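Input: a single structure, listed below in structure tokens.
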Amino acid sequence: MSIQQWTTSLDGIDKLQLSDAPKPTAGKGEVLVEIRAVSLNYRDFEVCSGEYNHHKSVSQDKTSLVPCSDMCGVVTEVGEGVSAWKKGDRVLSTFLPDHQTGQVVEKMMASGMGLPQPGVLAQYRAFPEHALVRAPSYMSDEEASTLPIAAVTAWMAINGFRPMGSAGGEGEYILLQGTGGVAVSGLQIGHAAGAKVIITSSSDEKLSQAKKLGADYTINYRTNPSWEEEVMRLTDNHGADIILETGGAQTLKKSFDCIAWGGLIDCIGYLSGKVDAADDRTNVNLLALRRNVTLKGIINGPRDRFEEMIGFYEKHAIRPVVNRVFGFGEAKEAFRFLATGSHFGKVVIKVA
């Protein structure tokens with residue numbers, strides 16, 4: 001029996017190809033999952049374009065790779081020795097299956113879904129028993145599929161320094177850049193935790209949507225390019241306690257200019273670029289010392305923190321924001337839409 005899957009040759013979205021493949025089976029210690037929905041991350045676009053090259057441990061010597069890492073599906077077959085799952089269980093993938101707890105280390109990157117390991121943009125996939133978590137029962141497949149990278153990254157950015165089981169944020173100022181998947185997840189988590197949430201965007205329409213989700217303050221960075229000054233004004237010169245830094249080269253210095261004393265800047269993305277302009281180098285050492293700031297890179301999070309986050313979502317009945325759903329045969333269109341940056345929340349491909 002064959003299944004359908006999308007493959008990439010890592011040289012452009014136009015080269016994505018839908019093809020037939022043998023249906024996988026569940027080997028020892030594995031489960032077979034019928035994939036119902038796949039959510040897209042900017043990383044997936046970079047992988048398909050051959051641009052995801054900033055982790056040395058991630059090889060791109062692939063001629064035909066199944067992309068994408070985030071899915072929701074149903075277990076249809078259980079392999080020998082599996083005790084955690086049974087047929088009919090609804091499950092979510094984890095981005096780095098080997099990252100079970102604690103700090104991520106380089107060797108764990110080799111288990112990355114959608115590069116270097118085959119991803120989930122297929123009708124079926126076999127997973128190691130430890131590579132899955134339970135999907136929240138109240139969410140649709142499309143909603144649940146958005147959690148593995150976007151929500152877990154936001155969770156770790158806000159709570160990664162706190163001990164397990166002590167998720168907090170009440171009374172803190174959290175600054176979110178943009179309205180993509182991580183930022184909107186951070187908005188929902190921060191609001192539910194009782195934080196004061198500030199969010200930026202170039203679109204007043206998206207800022208209005210953010211307000212409806214609970215944002216306390218919104219800033220249009222196009223009409224207010226000195227948004228870091230506005231952050232200081234809104235916080236009575238306290239600054240943001242936590243910043244989810246998704247902009248990169250053109251926003252990092254501004255983040256340092258509006259971070260609170262002892263605050264945390266989580267480096268998550270680089271939508272404005274990966275390298276500073278030659279005449280605008282950011283002296284990170286001096287800027288960090290100036291306010292006793294912690295600058296931390298975030299690469300998702302371990303399985304145990306993912307499960308902790310799901311408990312928080314269930315407690316507060318948080319429903320992820322799905323902006324648009326494409327059909328399985330519309331994968332190219334979905335990637336192109338993602339690349340426009342016009343979405344608020346997540347872009348999902350419905351597989352079954």
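Chains: A, B, ... in order of the structure tokens. Residues: from 1 per chain. Ligands: from 1, in order shown.
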
(Q) With only C-alpha atoms as the counted atoms, please give the residues lying no more than 8 Å from range 65-76 of chain A, apart from itself and same-chain residues fewer than 3 positions off, as an MDAnalysis selection string. (A) chainID A and resid 5:10 31:41 44 47:48 62 85:95 112:115 118:122 135 141:142 144:149

(Q) Please list as number ranges by chain every residue within 9 Å of Arg303 in chain A, counting only C-alpha atoms and excluding residues in the same chain fewer than 5 positions away. (A) A: 94, 96-101, 130-133, 308

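As for CA of Leu287 in chain A and CA of Lys196 in chain A, they are spaced 24.2 Å apart.
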
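Going from CA of Gly263 in chain A over to CA of Asp241 in chain A, you cover 4.6 Å.
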
(Q) Please return, as a VMD selection string, all residues of range 37-121 of chain A that DSSP assigns to strand (DSSP E) on the basis of the backbone. (A) chain A and resid 37 to 40 70 to 78 90 to 93

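Relative to CA of Ser83 in chain A, CA of Phe127 in chain A is found at 13.7 Å.
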
Q. Could you write out, as an NGL selection string, all the residues of range 181-255 of chain A that DSSP marks as alpha helix (DSSP H)?
A. :A and (181-193 or 204-212 or 227-234 or 252-255)

(Q) At a cut-off of 12 Å, using only C-alpha atoms, what residues contact Lys211 in chain A? Leave out same-chain residues fewer than 4 positions from it and give the result as a list of chain:residue names. (A)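 Once the nearby chain positions are removed, what remains is A:Thr179, A:Val184, A:Leu187, A:Gln188, A:His191, A:Lys196, A:Val197, A:Ile198, A:Ile199, A:Thr200, A:Ser201, A:Asp204, A:Glu205, A:Lys206, A:Leu207, A:Ala215, A:Asp216, A:Tyr217, A:Thr218, A:Ile219.
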
Q | Long-range neighbours of range 245-251 of chain A as a VMD selection string, 12 Å cut-off, only C-alpha atoms, 3 positions minimum in chain | A | chain A and resid 42 150 153 to 154 157 to 158 174 to 184 186 199 to 201 221 225 to 228 240 242 254 to 259 264 to 278 280 to 282 284 295 to 298

Q: Check the smallest atom-to-atom distance from each of A:Thr223, A:Ser185, A:Ser203, A:Asn292 to Glu143 in chain A using only C-alpha atoms, then report the winner.
A: A:Ser185
